[in-house]
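Coordinates as given in upload20.cif (mmCIF, C-alpha atoms and all ligand atoms):
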data_coords
#
loop_
_atom_site.label_atom_id
_atom_site.label_comp_id
_atom_site.auth_asym_id
_atom_site.auth_seq_id
_atom_site.Cartn_x
_atom_site.Cartn_y
_atom_site.Cartn_z
CA MET A 19 -9.43 -6.01 82.10
CA TRP A 20 -6.24 -4.49 80.82
CA LEU A 21 -4.21 -4.23 77.70
CA ARG A 22 -0.49 -4.10 77.39
CA GLN A 23 1.05 -1.87 74.79
CA PHE A 24 4.76 -1.64 74.17
CA VAL A 25 5.98 1.54 72.62
CA HIS A 26 9.42 1.41 71.14
CA GLY A 27 11.74 4.36 71.15
CA LEU A 28 11.19 5.64 67.64
CA ALA A 29 13.44 8.28 66.19
CA VAL A 30 11.74 11.45 65.09
CA PRO A 31 13.16 13.38 62.13
CA GLY A 32 16.29 15.27 63.11
CA GLU A 33 16.85 13.21 66.23
CA THR A 34 18.97 10.16 66.81
CA LEU A 35 17.52 7.06 68.39
CA ARG A 36 18.30 7.33 72.06
CA GLY A 37 16.93 4.01 73.19
CA THR A 38 14.08 5.70 75.04
CA ARG A 39 11.79 2.76 75.38
CA MET A 40 8.61 3.63 77.16
CA GLU A 41 5.77 1.31 78.06
CA VAL A 42 2.10 2.29 78.31
CA LEU A 43 -0.20 -0.04 80.25
CA THR A 44 -3.96 0.50 80.09
CA PHE A 45 -6.32 -0.61 82.87
CA THR A 46 -10.02 -0.24 82.15
CA GLY A 47 -12.87 -0.36 84.62
CA GLY A 48 -15.92 1.06 86.33
CA PRO A 49 -19.34 2.19 85.08
CA PHE A 50 -17.68 4.90 82.96
CA VAL A 51 -15.36 2.31 81.30
CA GLN A 52 -12.48 4.66 81.98
CA ASN A 53 -8.84 4.05 81.10
CA THR A 54 -6.28 4.34 83.89
CA PHE A 55 -2.72 4.48 82.53
CA LEU A 56 0.49 3.25 84.03
CA VAL A 57 3.46 4.56 82.05
CA VAL A 58 6.79 2.86 82.68
CA CYS A 59 9.56 5.33 81.88
CA ALA A 60 12.72 4.72 79.87
CA ASP A 61 14.68 3.56 82.92
CA GLY A 62 12.27 0.61 83.24
CA HIS A 63 11.71 1.29 86.93
CA THR A 64 10.04 4.67 87.31
CA ALA A 65 6.30 4.77 86.65
CA LEU A 66 3.62 7.41 86.25
CA LEU A 67 0.02 6.81 87.21
CA ILE A 68 -2.17 8.88 84.89
CA ASP A 69 -5.89 9.46 85.55
CA PRO A 70 -6.33 6.89 88.33
CA GLY A 71 -9.97 5.84 87.95
CA ALA A 72 -11.94 2.75 88.88
CA ALA A 73 -9.20 0.39 87.68
CA THR A 74 -6.61 1.92 90.03
CA PRO A 75 -6.36 -1.27 92.18
CA ASP A 76 -5.34 -3.23 89.07
CA ALA A 77 -2.71 -0.65 88.15
CA LEU A 78 -1.34 -0.67 91.70
CA ALA A 79 -1.18 -4.47 91.67
CA GLU A 80 1.02 -4.22 88.57
CA VAL A 81 3.20 -1.65 90.34
CA ARG A 82 3.71 -4.02 93.27
CA GLU A 83 4.23 -7.10 91.11
CA ARG A 84 6.96 -5.42 89.09
CA GLY A 85 8.50 -3.44 91.92
CA LEU A 86 7.95 -0.14 90.12
CA GLU A 87 8.31 3.21 91.79
CA VAL A 88 5.46 5.64 91.07
CA ALA A 89 7.03 9.09 90.76
CA ALA A 90 3.87 11.07 90.05
CA ILE A 91 0.10 10.94 89.82
CA LEU A 92 -0.79 12.98 86.73
CA LEU A 93 -4.32 14.13 85.89
CA THR A 94 -5.43 15.14 82.40
CA HIS A 95 -8.51 16.67 84.03
CA ALA A 96 -10.60 16.24 87.18
CA HIS A 97 -13.87 14.60 86.16
CA LEU A 98 -15.01 12.01 88.67
CA ASP A 99 -14.14 9.00 86.50
CA HIS A 100 -10.51 10.18 86.16
CA VAL A 101 -9.91 10.90 89.84
CA GLU A 102 -11.95 8.34 91.78
CA GLY A 103 -8.80 6.31 92.49
CA VAL A 104 -6.63 9.26 93.53
CA ALA A 105 -7.04 8.75 97.28
CA LEU A 106 -6.06 5.08 97.04
CA ALA A 107 -3.17 5.85 94.69
CA LYS A 108 -1.86 8.57 96.97
CA ARG A 109 -2.14 6.39 100.06
CA GLU A 110 -0.30 3.52 98.44
CA THR A 111 2.41 5.39 96.53
CA GLY A 112 2.80 8.75 98.28
CA ALA A 113 3.46 10.26 94.85
CA PRO A 114 2.61 13.93 94.32
CA ILE A 115 -0.67 14.74 92.54
CA HIS A 116 -0.34 17.00 89.49
CA LEU A 117 -3.33 18.98 88.16
CA HIS A 118 -3.86 22.10 86.08
CA PRO A 119 -5.22 24.78 88.45
CA LEU A 120 -8.18 25.59 86.20
CA ASP A 121 -9.57 22.11 86.96
CA ARG A 122 -9.34 22.59 90.72
CA PRO A 123 -13.06 23.47 91.02
CA LEU A 124 -13.96 20.18 89.30
CA TYR A 125 -11.51 18.33 91.56
CA ASP A 126 -13.08 19.85 94.66
CA GLY A 127 -16.56 19.08 93.32
CA ALA A 128 -15.82 15.42 92.60
CA ALA A 129 -17.28 14.37 95.96
CA SER A 130 -20.70 15.74 95.02
CA GLN A 131 -20.40 14.16 91.55
CA ALA A 132 -19.77 10.84 93.32
CA VAL A 133 -22.92 11.23 95.41
CA ALA A 134 -24.92 12.08 92.28
CA PHE A 135 -23.64 9.00 90.43
CA GLY A 136 -23.72 6.68 93.45
CA VAL A 137 -19.96 6.06 93.27
CA PRO A 138 -18.26 5.09 96.57
CA TRP A 139 -16.13 8.01 97.68
CA GLU A 140 -13.11 8.55 99.85
CA GLU A 141 -12.01 12.08 100.66
CA GLN A 142 -9.26 13.16 98.27
CA PRO A 143 -5.93 14.65 99.24
CA PRO A 144 -5.40 18.03 97.55
CA PRO A 145 -3.29 18.35 94.39
CA GLU A 146 0.29 19.31 95.18
CA VAL A 147 1.80 20.35 91.87
CA ASP A 148 0.31 22.79 89.37
CA LEU A 149 0.71 21.62 85.77
CA VAL A 150 2.11 24.44 83.66
CA PRO A 151 1.59 24.15 79.89
CA GLY A 152 4.92 24.36 78.12
CA LYS A 153 6.84 23.34 81.24
CA ASN A 154 7.97 19.80 80.53
CA LEU A 155 7.95 16.97 83.05
CA THR A 156 10.85 14.55 83.25
CA PHE A 157 10.69 11.22 85.07
CA GLY A 158 12.97 8.17 84.82
CA GLY A 159 14.61 9.30 81.59
CA SER A 160 11.30 10.09 79.86
CA GLU A 161 10.11 13.61 79.15
CA PHE A 162 6.56 14.84 78.59
CA GLU A 163 5.26 18.10 77.27
CA VAL A 164 2.18 19.43 79.07
CA VAL A 165 -0.18 20.57 76.30
CA PHE A 166 -3.14 22.75 77.26
CA THR A 167 -6.32 21.41 75.61
CA PRO A 168 -9.39 23.00 77.29
CA GLY A 169 -12.98 22.58 76.14
CA HIS A 170 -14.07 19.25 77.65
CA ALA A 171 -12.84 20.64 80.97
CA PRO A 172 -11.35 24.09 81.61
CA GLY A 173 -7.96 22.85 82.79
CA HIS A 174 -7.64 19.80 80.53
CA VAL A 175 -4.11 18.87 79.41
CA ILE A 176 -2.52 16.20 77.24
CA PHE A 177 0.79 14.54 78.17
CA LEU A 178 2.89 14.35 75.00
CA SER A 179 6.10 12.32 75.01
CA THR A 180 9.06 14.21 73.57
CA SER A 181 10.86 11.01 72.54
CA ASP A 182 8.12 8.63 71.43
CA PRO A 183 5.11 9.38 69.19
CA VAL A 184 2.72 8.98 72.10
CA ALA A 185 0.16 11.20 73.79
CA ILE A 186 -1.96 10.43 76.85
CA ALA A 187 -4.96 12.32 75.57
CA GLY A 188 -7.69 12.25 78.24
CA ASP A 189 -11.15 13.15 76.98
CA VAL A 190 -10.27 15.44 74.04
CA VAL A 191 -10.43 13.01 71.09
CA PHE A 192 -11.53 9.38 71.11
CA ALA A 193 -11.40 6.74 68.39
CA GLY A 194 -14.29 8.02 66.24
CA SER A 195 -15.56 10.60 68.70
CA ILE A 196 -14.70 13.72 70.72
CA GLY A 197 -15.09 14.74 74.36
CA ARG A 198 -18.47 15.83 75.68
CA THR A 199 -19.01 19.54 76.11
CA ASP A 200 -22.49 19.43 77.66
CA LEU A 201 -21.11 18.92 81.17
CA PRO A 202 -20.59 21.90 83.51
CA PHE A 203 -17.64 24.06 82.34
CA GLY A 204 -17.62 22.37 78.90
CA ASP A 205 -17.27 24.51 75.76
CA TYR A 206 -17.65 23.01 72.28
CA ARG A 207 -15.95 25.86 70.41
CA VAL A 208 -12.96 25.82 72.76
CA LEU A 209 -12.69 22.02 72.47
CA MET A 210 -12.66 22.17 68.67
CA GLU A 211 -9.93 24.84 68.78
CA SER A 212 -7.88 22.61 71.09
CA ILE A 213 -8.27 19.69 68.69
CA ARG A 214 -7.34 21.79 65.67
CA ASN A 215 -4.38 23.57 67.26
CA GLU A 216 -2.93 20.91 69.55
CA VAL A 217 -3.97 17.47 68.25
CA LEU A 218 -4.33 17.70 64.47
CA THR A 219 -0.97 19.50 64.31
CA LEU A 220 0.81 16.41 65.70
CA PRO A 221 2.45 13.92 63.30
CA ASP A 222 -0.02 11.41 61.86
CA GLU A 223 1.74 8.47 63.50
CA THR A 224 1.26 9.89 67.00
CA VAL A 225 -0.58 7.30 69.08
CA LEU A 226 -3.40 8.78 71.15
CA TYR A 227 -4.34 7.00 74.37
CA PRO A 228 -7.79 8.37 75.21
CA GLY A 229 -9.60 8.30 78.53
CA HIS A 230 -12.22 5.91 77.10
CA GLY A 231 -12.04 3.27 74.37
CA PRO A 232 -9.08 1.96 72.39
CA GLU A 233 -5.98 3.84 71.33
CA THR A 234 -5.92 5.44 67.91
CA THR A 235 -3.62 7.71 65.90
CA VAL A 236 -3.78 11.34 64.87
CA GLY A 237 -3.71 10.32 61.20
CA HIS A 238 -6.61 7.89 61.60
CA GLU A 239 -8.80 10.43 63.37
CA ARG A 240 -7.86 13.13 60.87
CA ILE A 241 -9.41 11.17 57.99
CA THR A 242 -12.14 9.11 59.69
CA ASN A 243 -13.48 10.92 62.77
CA PRO A 244 -17.09 11.91 61.96
CA PHE A 245 -16.96 14.82 64.42
CA LEU A 246 -13.87 16.33 62.78
CA ILE A 247 -14.38 15.74 59.04
CA PRO A 248 -17.24 18.24 58.58
CA VAL A 249 -15.20 20.90 60.35
CA TYR A 250 -11.65 20.25 59.24
CA GLY A 251 -11.99 18.20 56.04
CA GLY A 252 -10.56 14.72 55.55
CA GLU A 253 -12.21 11.70 54.05
CA LEU A 254 -14.14 8.66 55.18
CA VAL A 255 -12.40 5.40 54.44
ZN ZN B 1 -13.95 13.91 81.33
ZN ZN B 2 -13.72 10.54 81.13
#
So that I can check it, write out the structure of this file as structure tokens.
Ligand SMILES: [Zn+2]
Ligand SMILES: [Zn+2]
Amino acid sequence: MWLRQFVHGLAVPGETLRGTRMEVLTFTGGPFVQNTFLVVCADGHTALLIDPGAATPDALAEVRERGLEVAAILLTHAHLDHVEGVALAKRETGAPIHLHPLDRPLYDGAASQAVAFGVPWEEQPPPEVDLVPGKNLTFGGSEFEVVFTPGHAPGHVIFLSTSDPVAIAGDVVFAGSIGRTDLPFGDYRVLMESIRNEVLTLPDETVLYPGHGPETTVGHERITNPFLIPVYGGELV
């Protein structure tokens, strides 16, 4: 099952429209109902595979069908459901794997998570590129800010487009919910600080593509999310 979402190059205040059309494709699958993202960059040819989970074969089929070139495998964090397709993705694309170093222990522990959950497992190649918050990534004419958002996982990051109002948000905020913090290395207080400082400060129209469930916007979550309203105000609609 997958959804196709076109994101047009919208001008942000103070910037001229540069024709930076980016496409976000969502592939959903597996027992965790996880979203694997394929982002087609502004050049229409370069692609990024973000959080390759159970639906990775579907995303790779799209890559082959459209003749895309995967320039990077980007991980918001290293929970099992977000990395279970990494080995396949690496084998098929050869693209370098990017991860924040604070999530390396989770990445290395994914094999034992797989055993615990009964998920088929193939040994993973190690990450090759350390994600550095504040150091932007540029691929195929599209640029992304790496935003550090720990709490659900210690090295969790969000990929925020600098040209389009779009963020690949991992498991920080969902439509109507927030990321779990009862898993090992989770921290509720830290997660809520990440949401306040890094998500709720984004423009309302910013589209959030979470690791589970449908996309939403910062503005919608600001006024409707039952986990955020008691803490940060807002109103139910
Ligand atoms: Zn997670
Ligand atoms: Zn997840």
If we count only C-alpha atoms, what is near Leu117 in chain A at a cut-off of 9 Å, once residues fewer than 2 positions away on the same chain are taken out, given as a PDB file with C-alpha atoms, in the frame of the given file?
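And here is the file that came out, out-v3.pdb:
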ATOM      1  CA  ILE A  91       0.100  10.940  89.820  1.00  0.00           C
ATOM      2  CA  LEU A  92      -0.790  12.980  86.730  1.00  0.00           C
ATOM      3  CA  LEU A  93      -4.320  14.130  85.890  1.00  0.00           C
ATOM      4  CA  THR A  94      -5.430  15.140  82.400  1.00  0.00           C
ATOM      5  CA  HIS A  95      -8.510  16.670  84.030  1.00  0.00           C
ATOM      6  CA  ALA A  96     -10.600  16.240  87.180  1.00  0.00           C
ATOM      7  CA  ILE A 115      -0.670  14.740  92.540  1.00  0.00           C
ATOM      8  CA  PRO A 119      -5.220  24.780  88.450  1.00  0.00           C
ATOM      9  CA  LEU A 120      -8.180  25.590  86.200  1.00  0.00           C
ATOM     10  CA  ASP A 121      -9.570  22.110  86.960  1.00  0.00           C
ATOM     11  CA  ARG A 122      -9.340  22.590  90.720  1.00  0.00           C
ATOM     12  CA  TYR A 125     -11.510  18.330  91.560  1.00  0.00           C
ATOM     13  CA  PRO A 145      -3.290  18.350  94.390  1.00  0.00           C
ATOM     14  CA  GLU A 146       0.290  19.310  95.180  1.00  0.00           C
ATOM     15  CA  VAL A 147       1.800  20.350  91.870  1.00  0.00           C
ATOM     16  CA  ASP A 148       0.310  22.790  89.370  1.00  0.00           C
ATOM     17  CA  LEU A 149       0.710  21.620  85.770  1.00  0.00           C
ATOM     18  CA  VAL A 150       2.110  24.440  83.660  1.00  0.00           C
ATOM     19  CA  GLY A 173      -7.960  22.850  82.790  1.00  0.00           C
ATOM     20  CA  HIS A 174      -7.640  19.800  80.530  1.00  0.00           C
ATOM     21  CA  VAL A 175      -4.110  18.870  79.410  1.00  0.00           C
TER      22      VAL A 175
END
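When only C-alpha atoms are used to compute distances to Ala185 in chain A, the closest of the residues A:Glu110, A:Glu216, A:Asp205, A:Asp200 turns out to be A:Glu216.
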Q: Considering all atoms listed in the file, state which residue in the set A:Ala65, A:Val190, A:Val58, A:Val164 is at the smallest distance from ligand ZN 2 (chain B).
A: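 Among the listed residues, A:Val190 lies closest to ligand ZN 2 (chain B).
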Q.
Can you measure CA of Phe50 in chain A to CA of Ala79 in chain A for me? One decimal in Å is fine.
A.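 Taking CA of Phe50 in chain A and CA of Ala79 in chain A, their separation equals 20.9 Å.
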Q: Using CA of Pro123 in chain A and CA of Pro151 in chain A as the two end points, give the distance in Å to one decimal.
A: 18.4 Å
Q.
Between CA of Ala128 in chain A and CA of Leu209 in chain A, what is the distance in Å, rounded to a tenth?
A. 21.4 Å
Give me, as a tab-separated table, each residue of chain A that comes within 9 Å of ligand ZN 2 (chain B), together with its shortest interatomic pair and the distance in Å at one decimal, counting only C-alpha atoms and all ligand atoms, with rows ordered by chain and rising residue number.
residue	atom	partner	partner_atom	distance
A:Phe50	CA	B:ZN2	ZN	7.1
A:Val51	CA	B:ZN2	ZN	8.4
A:Gln52	CA	B:ZN2	ZN	6.1
A:Asn53	CA	B:ZN2	ZN	8.1
A:His95	CA	B:ZN2	ZN	8.6
A:Ala96	CA	B:ZN2	ZN	8.9
A:His97	CA	B:ZN2	ZN	6.5
A:Leu98	CA	B:ZN2	ZN	7.8
A:Asp99	CA	B:ZN2	ZN	5.6
A:His100	CA	B:ZN2	ZN	6.0
A:Gly188	CA	B:ZN2	ZN	6.9
A:Asp189	CA	B:ZN2	ZN	5.5
A:Gly197	CA	B:ZN2	ZN	8.1
A:Arg198	CA	B:ZN2	ZN	9.0
A:Pro228	CA	B:ZN2	ZN	8.7
A:Gly229	CA	B:ZN2	ZN	5.4
A:His230	CA	B:ZN2	ZN	6.3
Once 4 Å is added on each side, what centre and edge lengths in Å to one decimal does the axis-aligned box around all listed atoms of range 201-215 of chain A have, as JSON?
{"center_x": -12.7, "center_y": 22.4, "center_z": 74.6, "size_x": 24.7, "size_y": 14.9, "size_z": 25.8}
